[in-house]
Amino acid sequence: FRELSSPSGEPTKATYVFTQMLLNLIAQRKPQYLAMVIDSGDEFVFRKEFYPDYKANRQAPPPELEPQEKRILRIVRDAGIPVFAKHGFEADDLIATMARKLCDQDWEIVVVSKDKDLRQLINDCTKMYDVQSDKFIDAASMETDCGYGPSEAIEVQSLMGDNIDNVPGIPGVGEKTA
(Lines give C-alpha, C1' and ligand atoms only; values in the text may rest on other atoms or scores of the structure.)
Protein backbone atom coordinates (compact mmCIF):
# COMPACT_ATOMS: atom_id res chain seq x y z
CA PHE A 1 0.00 0.00 0.00
CA ARG A 2 1.10 3.52 -0.66
CA GLU A 3 0.78 6.07 2.11
CA LEU A 4 -2.80 7.22 2.52
CA SER A 5 -4.01 10.44 4.09
CA SER A 6 -7.16 12.50 4.48
CA PRO A 7 -7.65 15.78 2.60
CA SER A 8 -6.28 17.56 5.69
CA GLY A 9 -3.10 15.43 5.53
CA GLU A 10 -3.91 13.19 8.48
CA PRO A 11 -2.55 9.63 7.94
CA THR A 12 -5.24 7.01 7.25
CA LYS A 13 -3.44 3.91 5.95
CA ALA A 14 -3.74 1.84 9.14
CA THR A 15 -7.38 2.88 9.53
CA TYR A 16 -8.15 1.87 5.96
CA VAL A 17 -6.36 -1.49 6.14
CA PHE A 18 -7.92 -2.40 9.51
CA THR A 19 -11.42 -1.38 8.41
CA GLN A 20 -11.13 -3.38 5.18
CA MET A 21 -10.01 -6.47 7.13
CA LEU A 22 -12.87 -6.02 9.62
CA LEU A 23 -15.46 -5.63 6.87
CA ASN A 24 -14.05 -8.66 5.03
CA LEU A 25 -14.16 -10.73 8.21
CA ILE A 26 -17.78 -9.81 8.82
CA ALA A 27 -18.85 -10.29 5.19
CA GLN A 28 -16.99 -13.54 4.55
CA ARG A 29 -17.16 -15.30 7.92
CA LYS A 30 -20.39 -13.85 9.33
CA PRO A 31 -19.41 -14.32 13.00
CA GLN A 32 -22.26 -14.89 15.42
CA TYR A 33 -20.41 -12.83 18.04
CA LEU A 34 -17.44 -10.53 17.68
CA ALA A 35 -15.29 -8.66 20.20
CA MET A 36 -12.01 -6.80 20.05
CA VAL A 37 -9.35 -7.22 22.72
CA ILE A 38 -6.56 -4.65 23.10
CA ASP A 39 -3.61 -3.99 25.35
CA SER A 40 -4.48 -1.55 28.12
CA GLY A 41 -1.65 0.76 27.09
CA ASP A 42 -0.26 0.68 30.62
CA GLU A 43 3.47 0.69 31.12
CA PHE A 44 2.99 -1.89 33.88
CA VAL A 45 2.17 -5.45 32.98
CA PHE A 46 2.46 -8.26 35.49
CA ARG A 47 5.24 -9.95 33.47
CA LYS A 48 7.60 -7.15 34.45
CA GLU A 49 7.43 -8.39 38.05
CA PHE A 50 9.09 -11.61 36.87
CA TYR A 51 11.29 -10.13 34.18
CA PRO A 52 11.89 -6.37 34.43
CA ASP A 53 13.45 -6.21 30.94
CA TYR A 54 10.25 -7.51 29.32
CA LYS A 55 9.70 -5.42 26.16
CA ALA A 56 12.54 -3.09 27.22
CA ASN A 57 13.84 -2.83 23.66
CA ARG A 58 10.46 -2.15 22.07
CA GLN A 59 10.39 1.10 20.15
CA ALA A 60 7.55 3.56 20.52
CA PRO A 61 4.94 3.32 17.77
CA PRO A 62 5.28 5.85 14.97
CA PRO A 63 3.49 9.13 15.71
CA GLU A 64 1.10 8.70 12.81
CA LEU A 65 -0.34 5.58 14.47
CA GLU A 66 -1.85 7.20 17.59
CA PRO A 67 -4.63 9.17 15.86
CA GLN A 68 -5.39 6.14 13.72
CA GLU A 69 -5.65 3.87 16.77
CA LYS A 70 -8.25 6.24 18.20
CA ARG A 71 -10.12 6.30 14.91
CA ILE A 72 -10.04 2.50 14.65
CA LEU A 73 -11.42 2.12 18.18
CA ARG A 74 -14.17 4.60 17.34
CA ILE A 75 -15.08 2.63 14.20
CA VAL A 76 -15.17 -0.63 16.16
CA ARG A 77 -17.29 0.83 18.97
CA ASP A 78 -19.62 2.60 16.50
CA ALA A 79 -20.12 -0.78 14.82
CA GLY A 80 -21.36 -2.13 18.15
CA ILE A 81 -18.36 -4.38 18.70
CA PRO A 82 -17.32 -4.50 22.38
CA VAL A 83 -13.69 -3.63 23.11
CA PHE A 84 -11.97 -5.25 26.09
CA ALA A 85 -8.83 -4.09 27.92
CA LYS A 86 -7.66 -4.56 31.52
CA HIS A 87 -5.03 -2.65 33.49
CA GLY A 88 -1.84 -4.67 33.97
CA PHE A 89 -2.67 -7.23 31.31
CA GLU A 90 -1.96 -7.57 27.63
CA ALA A 91 -4.54 -8.50 25.02
CA ASP A 92 -3.03 -12.01 24.82
CA ASP A 93 -3.81 -12.57 28.51
CA LEU A 94 -7.44 -11.55 28.09
CA ILE A 95 -7.86 -13.56 24.91
CA ALA A 96 -6.48 -16.67 26.63
CA THR A 97 -8.78 -16.19 29.64
CA MET A 98 -11.85 -15.61 27.48
CA ALA A 99 -11.04 -18.57 25.22
CA ARG A 100 -10.59 -20.89 28.19
CA LYS A 101 -13.82 -19.78 29.90
CA LEU A 102 -15.86 -19.92 26.70
CA CYS A 103 -14.37 -23.28 25.74
CA ASP A 104 -15.41 -24.61 29.16
CA GLN A 105 -18.96 -23.58 28.20
CA ASP A 106 -18.74 -25.48 24.87
CA TRP A 107 -18.38 -22.43 22.61
CA GLU A 108 -16.47 -22.57 19.35
CA ILE A 109 -13.83 -19.84 19.55
CA VAL A 110 -12.00 -18.31 16.62
CA VAL A 111 -9.11 -16.03 17.53
CA VAL A 112 -8.54 -13.66 14.63
CA SER A 113 -4.79 -13.06 14.75
CA LYS A 114 -1.44 -13.99 13.29
CA ASP A 115 0.30 -13.68 16.68
CA LYS A 116 2.43 -16.78 17.23
CA ASP A 117 2.09 -16.33 21.01
CA LEU A 118 -1.56 -17.34 20.68
CA ARG A 119 -0.84 -20.70 19.06
CA GLN A 120 -0.80 -22.30 22.50
CA LEU A 121 -4.55 -21.61 22.78
CA ILE A 122 -5.49 -23.88 19.89
CA ASN A 123 -7.48 -26.92 20.98
CA ASP A 124 -10.68 -28.79 20.10
CA CYS A 125 -12.84 -25.68 20.52
CA THR A 126 -10.35 -22.89 19.75
CA LYS A 127 -8.70 -22.19 16.44
CA MET A 128 -7.04 -19.18 14.89
CA TYR A 129 -7.97 -17.36 11.73
CA ASP A 130 -5.81 -15.16 9.51
CA VAL A 131 -7.98 -12.64 7.66
CA GLN A 132 -5.31 -11.79 5.09
CA SER A 133 -4.74 -15.36 3.95
CA ASP A 134 -8.33 -16.46 4.72
CA LYS A 135 -6.86 -19.45 6.54
CA PHE A 136 -7.95 -21.25 9.69
CA ILE A 137 -5.29 -22.77 11.92
CA ASP A 138 -6.22 -25.76 14.01
CA ALA A 139 -3.98 -28.27 15.79
CA ALA A 140 -3.50 -30.44 12.69
CA SER A 141 -2.61 -27.55 10.36
CA MET A 142 -0.31 -26.08 13.00
CA GLU A 143 1.50 -29.41 13.28
CA THR A 144 1.85 -29.53 9.49
CA ASP A 145 2.90 -25.89 9.07
CA CYS A 146 5.09 -25.46 12.16
CA GLY A 147 6.27 -28.99 12.93
CA TYR A 148 4.83 -28.85 16.44
CA GLY A 149 1.41 -28.64 18.03
CA PRO A 150 -0.24 -26.26 20.48
CA SER A 151 0.86 -28.29 23.51
CA GLU A 152 4.51 -27.69 22.56
CA ALA A 153 4.11 -24.01 21.64
CA ILE A 154 5.21 -22.69 25.04
CA GLU A 155 8.33 -24.84 25.07
CA VAL A 156 9.25 -23.85 21.50
CA GLN A 157 8.79 -20.14 22.29
CA SER A 158 10.81 -20.51 25.49
CA LEU A 159 13.72 -22.16 23.70
CA MET A 160 13.65 -19.67 20.80
CA GLY A 161 13.06 -16.54 22.85
CA ASP A 162 11.32 -13.53 21.40
CA ASN A 163 13.28 -10.52 20.17
CA ILE A 164 10.16 -8.38 19.87
CA ASP A 165 9.32 -8.82 23.56
CA ASN A 166 13.01 -8.87 24.62
CA VAL A 167 12.69 -12.40 25.99
CA PRO A 168 15.98 -14.29 25.75
CA GLY A 169 16.04 -17.80 24.41
CA ILE A 170 18.90 -20.21 23.95
CA PRO A 171 21.48 -18.62 21.61
CA GLY A 172 21.39 -20.15 18.14
CA VAL A 173 18.09 -21.95 18.70
CA GLY A 174 15.39 -21.13 16.16
CA GLU A 175 11.97 -22.60 15.54
CA LYS A 176 13.22 -25.76 13.76
CA THR A 177 15.82 -26.60 16.41
CA ALA A 178 13.39 -25.85 19.23
# chains A, B, ... in the order shown; residues from 1 in each chain; ligands from 1
$ residues_around --residues "Glu3 of chain A" --least-positions-apart "6" --cutoff "8 Å" --atoms "only C-alpha atoms" --output "number ranges by chain"
A: 11-13
$ select_by_dssp --residues "chain A" --states "alpha helix (DSSP H)" --output "PyMOL selection string"
chain A and resi 13-29+47-50+65-78+91-104+139-146+153-160
$ residues_around --residues "segment 117-125 of chain A" --least-positions-apart "4" --cutoff "7 Å" --atoms "only C-alpha atoms" --output "ChimeraX atom specification"
/A:92,96,103,107-109,138-139,150-151,153-154
$ closest_residue --among "A:Glu69, A:Asp165, A:Asp39, A:Asp104" --to "Lys55 of chain A" --atoms "only C-alpha atoms"
A:Asp165
$ residues_around --residues "segment 167-169 of chain A" --least-positions-apart "3" --cutoff "8 Å" --atoms "only C-alpha atoms" --output "number ranges by chain"
A: 53-55, 157-164, 173
$ closest_residue --among "A:Met128, A:Val83, A:Cys146, A:Leu4" --to "Met36 of chain A" --atoms "only C-alpha atoms"
A:Val83
$ decode --residues "segment 115-130 of chain A" --atoms "all heavy atoms" --output "short mmCIF file (atom, residue, chain, number, x, y, z; two decimals), in the first residue's frame"
data_model
loop_
_atom_site.label_atom_id
_atom_site.label_comp_id
_atom_site.auth_asym_id
_atom_site.auth_seq_id
_atom_site.Cartn_x
_atom_site.Cartn_y
_atom_site.Cartn_z
N ASP A 115 -0.66 -13.71 15.59
CA ASP A 115 0.30 -13.68 16.68
C ASP A 115 0.70 -15.10 17.10
O ASP A 115 -0.14 -15.87 17.59
CB ASP A 115 -0.29 -12.92 17.86
CG ASP A 115 0.68 -12.70 19.00
OD1 ASP A 115 1.73 -13.38 19.07
OD2 ASP A 115 0.39 -11.84 19.85
N LYS A 116 1.97 -15.43 16.91
CA LYS A 116 2.43 -16.78 17.23
C LYS A 116 2.31 -17.10 18.72
O LYS A 116 2.23 -18.26 19.10
CB LYS A 116 3.86 -16.99 16.75
CG LYS A 116 4.90 -16.16 17.44
CD LYS A 116 6.27 -16.38 16.83
CE LYS A 116 7.37 -15.65 17.53
NZ LYS A 116 7.27 -14.22 17.66
N ASP A 117 2.26 -16.10 19.57
CA ASP A 117 2.09 -16.33 21.01
C ASP A 117 0.74 -16.97 21.32
O ASP A 117 0.59 -17.61 22.36
CB ASP A 117 2.20 -15.02 21.79
CG ASP A 117 3.58 -14.40 21.74
OD1 ASP A 117 4.55 -15.11 21.35
OD2 ASP A 117 3.72 -13.21 22.07
N LEU A 118 -0.22 -16.80 20.44
CA LEU A 118 -1.56 -17.34 20.68
C LEU A 118 -1.74 -18.77 20.21
O LEU A 118 -2.77 -19.39 20.46
CB LEU A 118 -2.61 -16.43 20.02
CG LEU A 118 -2.68 -15.02 20.60
CD1 LEU A 118 -3.58 -14.13 19.75
CD2 LEU A 118 -3.14 -15.04 22.04
N ARG A 119 -0.73 -19.32 19.55
CA ARG A 119 -0.84 -20.70 19.06
C ARG A 119 -1.11 -21.69 20.18
O ARG A 119 -1.75 -22.71 19.97
CB ARG A 119 0.44 -21.10 18.34
CG ARG A 119 0.67 -20.40 17.03
CD ARG A 119 2.01 -20.81 16.46
NE ARG A 119 2.31 -20.09 15.25
CZ ARG A 119 3.51 -20.05 14.69
NH1 ARG A 119 4.52 -20.73 15.24
NH2 ARG A 119 3.72 -19.37 13.59
N GLN A 120 -0.62 -21.39 21.37
CA GLN A 120 -0.80 -22.30 22.50
C GLN A 120 -2.27 -22.45 22.90
O GLN A 120 -2.62 -23.38 23.62
CB GLN A 120 0.03 -21.82 23.70
CG GLN A 120 -0.40 -20.45 24.20
CD GLN A 120 0.52 -19.91 25.26
OE1 GLN A 120 0.59 -20.47 26.34
NE2 GLN A 120 1.22 -18.83 24.95
N LEU A 121 -3.13 -21.55 22.43
CA LEU A 121 -4.55 -21.61 22.78
C LEU A 121 -5.34 -22.60 21.93
O LEU A 121 -6.46 -22.97 22.28
CB LEU A 121 -5.20 -20.22 22.61
CG LEU A 121 -4.60 -19.08 23.40
CD1 LEU A 121 -5.35 -17.79 23.12
CD2 LEU A 121 -4.59 -19.39 24.89
N ILE A 122 -4.77 -23.00 20.81
CA ILE A 122 -5.49 -23.88 19.89
C ILE A 122 -5.78 -25.22 20.55
O ILE A 122 -4.92 -25.84 21.16
CB ILE A 122 -4.67 -24.08 18.59
CG1 ILE A 122 -4.52 -22.74 17.87
CG2 ILE A 122 -5.31 -25.13 17.69
CD1 ILE A 122 -3.56 -22.78 16.68
N ASN A 123 -7.05 -25.62 20.45
CA ASN A 123 -7.48 -26.92 20.98
C ASN A 123 -8.74 -27.35 20.24
O ASN A 123 -9.04 -26.80 19.18
CB ASN A 123 -7.69 -26.84 22.51
CG ASN A 123 -8.71 -25.80 22.91
OD1 ASN A 123 -9.67 -25.53 22.19
ND2 ASN A 123 -8.50 -25.19 24.07
N ASP A 124 -9.49 -28.29 20.79
CA ASP A 124 -10.68 -28.79 20.10
C ASP A 124 -11.74 -27.72 19.86
O ASP A 124 -12.52 -27.84 18.92
CB ASP A 124 -11.30 -29.95 20.89
CG ASP A 124 -10.43 -31.19 20.86
OD1 ASP A 124 -9.57 -31.31 19.95
OD2 ASP A 124 -10.60 -32.05 21.75
N CYS A 125 -11.80 -26.70 20.70
CA CYS A 125 -12.84 -25.68 20.52
C CYS A 125 -12.28 -24.31 20.16
O CYS A 125 -13.04 -23.37 19.95
CB CYS A 125 -13.71 -25.59 21.77
SG CYS A 125 -12.85 -24.98 23.22
N THR A 126 -10.96 -24.18 20.08
CA THR A 126 -10.35 -22.89 19.75
C THR A 126 -9.41 -23.06 18.58
O THR A 126 -8.53 -23.92 18.59
CB THR A 126 -9.56 -22.32 20.95
OG1 THR A 126 -10.42 -22.24 22.09
CG2 THR A 126 -8.99 -20.96 20.65
N LYS A 127 -9.62 -22.22 17.56
CA LYS A 127 -8.70 -22.19 16.44
C LYS A 127 -8.39 -20.74 16.13
O LYS A 127 -9.02 -19.83 16.67
CB LYS A 127 -9.27 -22.92 15.22
CG LYS A 127 -10.62 -22.48 14.76
CD LYS A 127 -11.12 -23.42 13.68
CE LYS A 127 -12.63 -23.30 13.55
NZ LYS A 127 -13.19 -24.31 12.72
N MET A 128 -7.42 -20.53 15.29
CA MET A 128 -7.04 -19.18 14.89
C MET A 128 -7.45 -18.97 13.44
O MET A 128 -7.61 -19.93 12.69
CB MET A 128 -5.53 -18.98 15.06
CG MET A 128 -5.09 -18.96 16.51
SD MET A 128 -3.30 -18.78 16.74
CE MET A 128 -3.03 -17.12 16.14
N TYR A 129 -7.61 -17.70 13.09
CA TYR A 129 -7.97 -17.36 11.73
C TYR A 129 -7.15 -16.15 11.29
O TYR A 129 -7.05 -15.17 12.02
CB TYR A 129 -9.47 -17.04 11.64
CG TYR A 129 -9.92 -16.57 10.28
CD1 TYR A 129 -9.93 -17.44 9.19
CD2 TYR A 129 -10.31 -15.26 10.07
CE1 TYR A 129 -10.34 -17.01 7.93
CE2 TYR A 129 -10.72 -14.82 8.81
CZ TYR A 129 -10.73 -15.70 7.76
OH TYR A 129 -11.12 -15.27 6.52
N ASP A 130 -6.57 -16.25 10.10
CA ASP A 130 -5.81 -15.16 9.51
C ASP A 130 -6.66 -14.55 8.40
O ASP A 130 -6.92 -15.19 7.39
CB ASP A 130 -4.49 -15.71 8.96
CG ASP A 130 -3.63 -14.67 8.27
OD1 ASP A 130 -4.08 -13.51 8.11
OD2 ASP A 130 -2.50 -15.00 7.89
#
